[in-house]
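First up is the structure itself, then whatever we jot down about it.
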Protein chains: 2
Amino acid sequence: MAEDKRLILLIEDEPQMRRFLRITLQGHGYRLIEAVAGEEGLTQAATRNPDIVLLDLGLPDIDGLEVTKRLREWTQIPIIVLSAREQEEDKIRALDAGADDYLTKPFGAGELLARIRVALRHTATQHGEEEAVFVLDNLTVDLVKRQVMLDNREIHLTPIEYRLLTTLIRHAGKVMTHSQLMKEVWGPVYVNQSHYLRIYMAQLRHKLEADPARPRFFINEPGVGYRLKVDFD
Amino acid sequence: MAEDKRLILLIEDEPQMRRFLRITLQGHGYRLIEAVAGEEGLTQAATRNPDIVLLDLGLPDIDGLEVTKRLREWTQIPIIVLSAREQEEDKIRALDAGADDYLTKPFGAGELLARIRVALRHTATQHGEEEAVFVLDNLTVDLVKRQVMLDNREIHLTPIEYRLLTTLIRHAGKVMTHSQLMKEVWGPVYVNQSHYLRIYMAQLRHKLEADPARPRFFINEPGVGYRLKVDFD
DNA sequence: AGCTCGCGTAAAAATGTCGTAAAAAATTCG
DNA sequence: CGAATTTTTTACGACATTTTTACGCGAGCT
């Protein structure tokens with residue numbers, strides 16, 4: 001079950017804080033990527049597409065505030081700031097720059113984990129104002145449990161497959177262009193590698209369509225992109 | 001404009017804290033409802049439909065934790081807990097019960113306001129669904145879904161056909177010259193290759209007109225260009 | 001009449017996209 | 001560390017779209 005492990009990007013330069021967080025987070029079932037500087041963090045965010053970012057404000061190269069703004073130019077991924085600065089002004093600036101939460105060091109591991117759960121809960125429910133469960137004919141996707149059911153049988157999807165599916169679900173009915181899908185699923189640096197799409201769309205069709213060669217759900221709009229068909233008139 | 005002011009529900013029993021928050025929040029353009037106990041707060045939340053809830057944990061009747069859980073049974077409205085309890089265990093319990101944020105008293109007004117903005121930002125991005133549908137007689141074009149319907153039947157258009165159609169729609173009723181159309185659909189390099197237009201205009205008429213030879217929508221203005229006719233007299 | 005010009009139509013050739021399979025590389029897990 | 005899973009790379013036939021090319025029609029002009 002690799003798809004239910006959330007990926008966390010930690011941008012932090014102090015080795016001993018990194019070590020503490022590595023143990024805490026991995027011990028609670030998260031996968032972790034680490035970056036020791038701002039630019040590196042931005043690159044990692046773009047290429048690895050994590051589920052959440054933990055960001056230290058005092059970085060060796062660029063300021064954490066700047067990292068927040070640069071991230072917010074293209075993604076709504078949750079950002080939790082971890083900082084030794086306890087001035088109210090610092091908190092306000094970070095939050096208004098786009099951070100979702102702000103913890104002052106030192107903080108307890110339990111509180112951090114709880115706030116991570118809050119942030120992840122947001123992304124889970126954010127795209128499902130109606131329901132956290134998406135139903136389309138014999139296909140059921142539980143966005144909270146990250147569980148995909150087909151005719152009441154659980155279907156295992158790889159992380160990318162699942163991400164692609166939920167991205168289509170979030171924009172159900174609408175055509176999504178190649179670059180939109182690439183940006184949301186693989187990250188913005190992969191925009192022109194759109195042949196990945198064909199491969200993973202084929203995987204989804206094989207796992208979820210009755211007749212993969214003649215898909216009912218995963219429709220291609222030639223030259224444009226794909227869409228999840230929801231209305232059968 | 002009272003309607004575009006966000007409505008905040010404050011559930012808090014201490015009069016002096018209520019007074020402080022009333023001044024702070026109303027001073028920053030929010031409308032405020034106050035409840036001094038848990039049950040009252042739950043009722044207010046259900047009847048007044050606020051945009052956000054500020055919740056004190058230490059209430060005279062039921063515990064703030066319980067209020068959080070009861071709210072979460074039916075609504076995803078942001079809850080920010082304000083509490084004097086600074087034990088980590090209290091924070092974790094509140095956040096896991098469904099609270100979105102937790103501030104320990106005493107807190108600065110600026111930080112509270114910033115965290116309110118964060119919470120409102122979350123709900124704002126959720127409802128980011130717009131509709132842009134163009135209707136002309138039995139023809140319907142959904143510009144968001146990129147879907148064209150004719151008599152409730154879906155019509156497939158190629159990328160160029162669709163771009164040509166939407167270009168005409170954007171200038172509905174007005175005549176567009178050959179070069180204008182060429183520029184917008186094919187790009188400025190193709191301005192003089194205007195015989196492409198005849199071919200694709202024919203395609204559109206075949207796909208969307210009842211009698212392609214005698215078009216009702218896609219009208220040629222000889223020597224000038226084409227226009228999409230919208231008014232039938 | 002004969003000619004030209006803009007328009008509509010039709011069918012080819014050329015180009016690019018899509019679906020598929022399968023091997024190589026990377027990552028995760030025990 | 002080695003096995004298993006997942007992602008990336010590579011290749012190719014089938015197909016859809018765009019572009020090219022060709023022809024017919026009618027209006028206006030000489």
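How things are named: the first chain in the structure tokens is A, the next is B, and so on; residues count from 1 in each chain; ligands count from 1 in the order shown.
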For chain A, report every residue with an atom at most 10 Å from chain D (counting only C-alpha atoms (C1' of nucleotides)), formatted as JSON, numbers by chain.
{"A": [2, 158, 159, 160, 196, 222, 223]}
Could you write out that same residue set with N, CA, C and O atoms as an mmCIF file, in the first residue's frame?
```cif
data_model
loop_
_atom_site.group_PDB
_atom_site.id
_atom_site.type_symbol
_atom_site.label_atom_id
_atom_site.label_comp_id
_atom_site.auth_asym_id
_atom_site.auth_seq_id
_atom_site.Cartn_x
_atom_site.Cartn_y
_atom_site.Cartn_z
ATOM 1 N N ALA A 2 1.510 1.491 -1.065
ATOM 2 C CA ALA A 2 2.404 2.650 -1.101
ATOM 3 C C ALA A 2 1.603 3.936 -1.227
ATOM 4 O O ALA A 2 2.057 4.982 -0.820
ATOM 5 N N THR A 158 -1.084 2.543 -7.973
ATOM 6 C CA THR A 158 0.207 3.095 -7.574
ATOM 7 C C THR A 158 0.025 4.578 -7.266
ATOM 8 O O THR A 158 -0.991 5.170 -7.643
ATOM 9 N N PRO A 159 0.986 5.205 -6.588
ATOM 10 C CA PRO A 159 0.848 6.626 -6.239
ATOM 11 C C PRO A 159 0.498 7.505 -7.429
ATOM 12 O O PRO A 159 -0.398 8.340 -7.338
ATOM 13 N N ILE A 160 1.203 7.322 -8.531
ATOM 14 C CA ILE A 160 0.940 8.190 -9.683
ATOM 15 C C ILE A 160 -0.430 7.898 -10.283
ATOM 16 O O ILE A 160 -1.169 8.814 -10.639
ATOM 17 N N TYR A 196 4.030 10.424 -20.798
ATOM 18 C CA TYR A 196 3.746 9.691 -19.561
ATOM 19 C C TYR A 196 2.249 9.486 -19.418
ATOM 20 O O TYR A 196 1.783 8.444 -18.962
ATOM 21 N N PRO A 222 -8.555 14.335 -28.606
ATOM 22 C CA PRO A 222 -7.337 14.326 -29.432
ATOM 23 C C PRO A 222 -6.737 15.711 -29.586
ATOM 24 O O PRO A 222 -7.429 16.666 -29.917
ATOM 25 N N GLY A 223 -5.456 15.777 -29.335
ATOM 26 C CA GLY A 223 -4.730 17.031 -29.492
ATOM 27 C C GLY A 223 -4.893 17.984 -28.331
ATOM 28 O O GLY A 223 -4.256 19.025 -28.292
#
```
Over all C-alpha pairs taken in order, what is the RMSD once chain B has been least-squares superposed onto chain A?
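Answer to one decimal place: 19.2 Å.
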Enumerate the residues of region 92-180 of chain B with a DSSP assignment of helix (DSSP H, G or I), computed from the backbone, and present them as a PyMOL selection string.
chain B and resi 92-97+109-126+159-170+178-180
Ranking A:Gln26, A:Gln76, A:Gln180, A:Gln44 by minimum distance to chain B and counting only C-alpha atoms, which one comes first?
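Checking each of A:Gln26, A:Gln76, A:Gln180, A:Gln44 against chain B, counting only C-alpha atoms, the winner is A:Gln76.
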List as a ChimeraX atom specification the protein and nucleic acid residues near Glu66 (chain B), meaning an atom at most 10 Å away when only C-alpha atoms (C1' of nucleotides) are counted, but skip any in the same chain fewer than 6 places from it.
/B:38,57,72,94,97
Requested write-out: C-alpha atoms of the selected residues, as a PDB file, in the first residue's frame:
```pdb
ATOM      1  CA  GLY B  38     -21.632  25.627  23.875  1.00  0.00           C
ATOM      2  CA  LEU B  57     -12.399  25.461  25.059  1.00  0.00           C
ATOM      3  CA  ARG B  72     -17.996  18.419  12.469  1.00  0.00           C
ATOM      4  CA  ALA B  94      -8.773  19.686  19.639  1.00  0.00           C
ATOM      5  CA  ALA B  97     -11.474  16.481  16.815  1.00  0.00           C
TER       6      ALA B  97
END
```
Dump as a count of residues only the residues of chain B that approach chain A to within 9 Å, counting only C-alpha atoms.
38
I need the residues of region 10-233 of chain A that end up classed as strand (DSSP E or B) by DSSP on the backbone, written out as a ChimeraX atom specification.
/A:10-11,31-35,52-56,79-83,101-104,133-136,139-142,147-150,153-155,175-177,218-221,225-228
Mind dumping a table of every chain C residue within 10 Å of chain B, with the nearest atom pair and its distance in Å to one decimal, using only C-alpha atoms (C1' of nucleotides), sorted by chain and rising number, as JSON lines?
```
{"residue": "C:DG6", "atom": "C1'", "partner": "B:Gly223", "partner_atom": "CA", "distance": 7.0}
{"residue": "C:DC7", "atom": "C1'", "partner": "B:Arg198", "partner_atom": "CA", "distance": 7.4}
{"residue": "C:DG8", "atom": "C1'", "partner": "B:Arg198", "partner_atom": "CA", "distance": 7.1}
{"residue": "C:DT9", "atom": "C1'", "partner": "B:Ala202", "partner_atom": "CA", "distance": 8.3}
```
When you draw a straight line from CA of Thr75 (chain A) to CA of Leu208 (chain A), how long is it in Å?
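Computed distance, CA of Thr75 (chain A) to CA of Leu208 (chain A), equals 28.5 Å.
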What does the distance from CA of Ala46 (chain B) to CA of Asp61 (chain B) come to in Å, to one decimal?
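So the two atoms, CA of Ala46 (chain B) and CA of Asp61 (chain B), lie 18.1 Å apart.
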